[in-house]
Amino acid sequence: MNEFLKLLLPWPARDFNPITDIFVYGILSSFLICLGIFLWKAIRRSNLISNLVNTVSQHAKPAKPEILPHLETEFDGNSELAEVWHEFQNSLITREPKENQQKIVYKTDEASLFFGEERLLGQYMNLRFWNSVPALLVGLGILGTFVGLV
């Protein structure tokens, strides 16, 4: 580990090469900045989604029609997921399963069509950029290797 730090950090005992140091520090700082931004956004979205999942899972199954206004209030309080909830709510129907039984709420489409990864994360995290970050860092590393060799 000590040898690794000697290679990365510009100590007086090591020959000073500004071009190599700039590339190494640039790649390392790019990685740390991207990691920080990604974790901040992902943790924020994860907390938001977990709170709503906990709210939904508190209700008994099968779902009774009485929970729909409560869920609508919870989702409308969250501006980011209100539109998705209204689209999903349009796919819900209320029926009596058999005679003399309580009404139950049924879904006509899978919830994953509305609450999928692209829908929940794609609008707020620019997934195309985050999927390309590893390739960008590898490309910068290869470029830095050749600059270091030169």
# chains A, B, ... in the order shown; residues from 1 in each chain; ligands from 1
>>> residues_around(residues="segment 35-45 of chain A", least_positions_apart="6", cutoff="8 Å", atoms="only C-alpha atoms", output="list in words")
Leu121, Met125 and Trp130 of chain A
>>> write_last_selection(atoms="N, CA and C atoms", output="short mmCIF file (atom, residue, chain, number, x, y, z; two decimals), in the first residue's frame")
data_model
loop_
_atom_site.label_atom_id
_atom_site.label_comp_id
_atom_site.auth_asym_id
_atom_site.auth_seq_id
_atom_site.Cartn_x
_atom_site.Cartn_y
_atom_site.Cartn_z
N LEU A 121 -36.24 6.39 -11.92
CA LEU A 121 -34.89 6.95 -11.87
C LEU A 121 -34.53 7.76 -13.10
N MET A 125 -32.27 11.19 -12.83
CA MET A 125 -30.86 10.86 -12.68
C MET A 125 -30.09 10.78 -13.99
N TRP A 130 -25.04 8.12 -16.41
CA TRP A 130 -24.50 7.27 -15.35
C TRP A 130 -24.09 5.90 -15.87
#
>>> select_by_dssp(residues="segment 1-146 of chain A", states="strand (DSSP E)", output="mmCIF file with N, CA, C and O atoms, in the first residue's frame")
data_model
loop_
_atom_site.group_PDB
_atom_site.id
_atom_site.type_symbol
_atom_site.label_atom_id
_atom_site.label_comp_id
_atom_site.auth_asym_id
_atom_site.auth_seq_id
_atom_site.Cartn_x
_atom_site.Cartn_y
_atom_site.Cartn_z
ATOM 1 N N LEU A 92 -56.648 0.759 -12.002
ATOM 2 C CA LEU A 92 -57.266 0.036 -10.891
ATOM 3 C C LEU A 92 -58.779 -0.037 -11.074
ATOM 4 O O LEU A 92 -59.401 0.919 -11.520
ATOM 5 N N ILE A 93 -59.331 -1.186 -10.720
ATOM 6 C CA ILE A 93 -60.790 -1.341 -10.750
ATOM 7 C C ILE A 93 -61.241 -1.890 -9.404
ATOM 8 O O ILE A 93 -60.484 -2.568 -8.702
ATOM 9 N N THR A 94 -62.476 -1.586 -9.047
ATOM 10 C CA THR A 94 -63.048 -2.068 -7.792
ATOM 11 C C THR A 94 -64.205 -2.998 -8.135
ATOM 12 O O THR A 94 -65.115 -2.607 -8.859
ATOM 13 N N ARG A 95 -64.142 -4.210 -7.583
ATOM 14 C CA ARG A 95 -65.189 -5.199 -7.859
ATOM 15 C C ARG A 95 -65.483 -5.995 -6.614
ATOM 16 O O ARG A 95 -64.663 -6.107 -5.717
ATOM 17 N N ILE A 104 -63.102 -5.308 -3.498
ATOM 18 C CA ILE A 104 -61.639 -5.401 -3.519
ATOM 19 C C ILE A 104 -61.133 -4.623 -4.727
ATOM 20 O O ILE A 104 -61.767 -4.602 -5.783
ATOM 21 N N VAL A 105 -59.973 -4.008 -4.553
ATOM 22 C CA VAL A 105 -59.336 -3.258 -5.645
ATOM 23 C C VAL A 105 -58.431 -4.216 -6.415
ATOM 24 O O VAL A 105 -57.586 -4.899 -5.838
ATOM 25 N N TYR A 106 -58.625 -4.257 -7.726
ATOM 26 C CA TYR A 106 -57.807 -5.091 -8.608
ATOM 27 C C TYR A 106 -57.012 -4.181 -9.539
ATOM 28 O O TYR A 106 -57.469 -3.111 -9.917
ATOM 29 N N LYS A 107 -55.853 -4.663 -9.946
ATOM 30 C CA LYS A 107 -55.066 -3.922 -10.937
ATOM 31 C C LYS A 107 -55.220 -4.611 -12.281
ATOM 32 O O LYS A 107 -55.241 -5.843 -12.367
#
>>> closest_residue(among="A:Ile49, A:Phe75, A:Val56, A:Cys34", to="Phe129 of chain A", atoms="only C-alpha atoms")
A:Cys34
>>> closest_atom_pairs(of="segment 13-123 of chain A", to="segment 145-150 of chain A", cutoff="9 Å", atoms="only C-alpha atoms", output="tab-separated table")
residue	atom	partner	partner_atom	distance
A:Asn17	CA	A:Gly148	CA	8.6
A:Ile19	CA	A:Gly148	CA	7.5
A:Thr20	CA	A:Gly148	CA	5.2
A:Asp21	CA	A:Gly148	CA	8.9
A:Phe23	CA	A:Val147	CA	8.3
>>> atom_distance(atom1="atom CA of Gly26 of chain A", atom2="atom CA of Ser132 of chain A")
17.3 Å
>>> residues_around(residues="Trp85 of chain A", least_positions_apart="4", cutoff="12 Å", atoms="only C-alpha atoms", output="PyMOL selection string")
chain A and resi 52+68-69+71-81+89-92+111-115+119-120
>>> write_last_selection(atoms="N, CA, C and O atoms", output="short mmCIF file (atom, residue, chain, number, x, y, z; two decimals), in the first residue's frame")
data_model
loop_
_atom_site.label_atom_id
_atom_site.label_comp_id
_atom_site.auth_asym_id
_atom_site.auth_seq_id
_atom_site.Cartn_x
_atom_site.Cartn_y
_atom_site.Cartn_z
N LEU A 52 -42.64 5.42 0.59
CA LEU A 52 -43.91 5.11 -0.06
C LEU A 52 -44.22 3.62 -0.03
O LEU A 52 -45.37 3.22 0.13
N LEU A 68 -57.70 3.83 -1.17
CA LEU A 68 -57.35 4.63 -2.34
C LEU A 68 -57.23 6.12 -2.04
O LEU A 68 -56.25 6.75 -2.46
N PRO A 69 -58.16 6.73 -1.30
CA PRO A 69 -57.96 8.17 -0.99
C PRO A 69 -56.71 8.41 -0.14
O PRO A 69 -56.01 9.41 -0.34
N LEU A 71 -53.91 6.59 -0.14
CA LEU A 71 -52.75 6.45 -1.01
C LEU A 71 -52.63 7.64 -1.97
O LEU A 71 -51.53 8.11 -2.25
N GLU A 72 -53.76 8.12 -2.44
CA GLU A 72 -53.72 9.28 -3.34
C GLU A 72 -53.15 10.49 -2.61
O GLU A 72 -52.34 11.24 -3.17
N THR A 73 -53.51 10.67 -1.35
CA THR A 73 -52.97 11.77 -0.56
C THR A 73 -51.46 11.62 -0.38
O THR A 73 -50.71 12.60 -0.51
N GLU A 74 -51.01 10.40 -0.10
CA GLU A 74 -49.57 10.16 0.09
C GLU A 74 -48.79 10.44 -1.19
O GLU A 74 -47.74 11.08 -1.16
N PHE A 75 -49.29 9.95 -2.31
CA PHE A 75 -48.57 10.14 -3.57
C PHE A 75 -48.67 11.57 -4.08
O PHE A 75 -47.73 12.09 -4.68
N ASP A 76 -49.80 12.22 -3.86
CA ASP A 76 -49.93 13.63 -4.28
C ASP A 76 -49.01 14.53 -3.46
O ASP A 76 -48.60 15.58 -3.93
N GLY A 77 -48.69 14.12 -2.23
CA GLY A 77 -47.75 14.88 -1.41
C GLY A 77 -46.34 14.82 -1.96
O GLY A 77 -45.48 15.61 -1.59
N ASN A 78 -46.09 13.88 -2.84
CA ASN A 78 -44.79 13.72 -3.47
C ASN A 78 -44.92 14.13 -4.93
O ASN A 78 -45.45 13.38 -5.73
N SER A 79 -44.45 15.30 -5.26
CA SER A 79 -44.63 15.83 -6.61
C SER A 79 -43.96 14.98 -7.68
O SER A 79 -44.39 14.97 -8.83
N GLU A 80 -42.89 14.28 -7.32
CA GLU A 80 -42.14 13.50 -8.32
C GLU A 80 -42.89 12.24 -8.75
O GLU A 80 -42.73 11.77 -9.86
N LEU A 81 -43.71 11.68 -7.87
CA LEU A 81 -44.39 10.44 -8.20
C LEU A 81 -45.90 10.60 -8.38
O LEU A 81 -46.60 9.62 -8.62
N GLN A 89 -53.33 4.60 -11.04
CA GLN A 89 -54.67 4.60 -10.46
C GLN A 89 -55.74 4.40 -11.53
O GLN A 89 -56.78 3.80 -11.27
N ASN A 90 -55.46 4.88 -12.75
CA ASN A 90 -56.40 4.66 -13.85
C ASN A 90 -56.51 3.20 -14.23
O ASN A 90 -57.47 2.80 -14.87
N SER A 91 -55.52 2.38 -13.86
CA SER A 91 -55.56 0.96 -14.19
C SER A 91 -56.19 0.12 -13.08
O SER A 91 -56.27 -1.10 -13.20
N LEU A 92 -56.65 0.76 -12.00
CA LEU A 92 -57.27 0.04 -10.89
C LEU A 92 -58.78 -0.04 -11.07
O LEU A 92 -59.40 0.92 -11.52
N ALA A 111 -47.82 -3.29 -11.94
CA ALA A 111 -47.30 -2.05 -11.35
C ALA A 111 -45.92 -1.70 -11.91
O ALA A 111 -45.55 -0.54 -11.99
N SER A 112 -45.17 -2.71 -12.34
CA SER A 112 -43.82 -2.46 -12.87
C SER A 112 -43.86 -1.66 -14.18
O SER A 112 -42.87 -1.04 -14.55
N LEU A 113 -45.01 -1.67 -14.88
CA LEU A 113 -45.13 -0.83 -16.08
C LEU A 113 -45.11 0.65 -15.72
O LEU A 113 -44.65 1.49 -16.49
N PHE A 114 -45.59 0.98 -14.53
CA PHE A 114 -45.68 2.36 -14.11
C PHE A 114 -44.53 2.75 -13.19
O PHE A 114 -44.02 3.86 -13.26
N PHE A 115 -44.15 1.84 -12.30
CA PHE A 115 -43.13 2.14 -11.30
C PHE A 115 -41.84 1.39 -11.61
O PHE A 115 -41.23 0.79 -10.74
N ARG A 119 -38.74 4.76 -15.22
CA ARG A 119 -39.71 5.79 -14.82
C ARG A 119 -39.33 6.46 -13.51
O ARG A 119 -39.46 7.66 -13.35
N LEU A 120 -38.87 5.68 -12.53
CA LEU A 120 -38.55 6.23 -11.22
C LEU A 120 -37.19 6.92 -11.18
O LEU A 120 -37.01 7.89 -10.46
#
>>> select_by_dssp(residues="chain A", states="helix (DSSP H, G or I)", output="VMD selection string")
chain A and resid 2 to 8 18 to 57 67 to 76 82 to 89 111 to 113 117 to 125 127 to 149
>>> closest_residue(among="A:Ile27, A:Val53, A:Ala82, A:Ile22", to="Ile142 of chain A", atoms="only C-alpha atoms")
A:Ile27
>>> atom_distance(atom1="atom CA of Glu3 of chain A", atom2="atom CA of Val138 of chain A")
22.4 Å
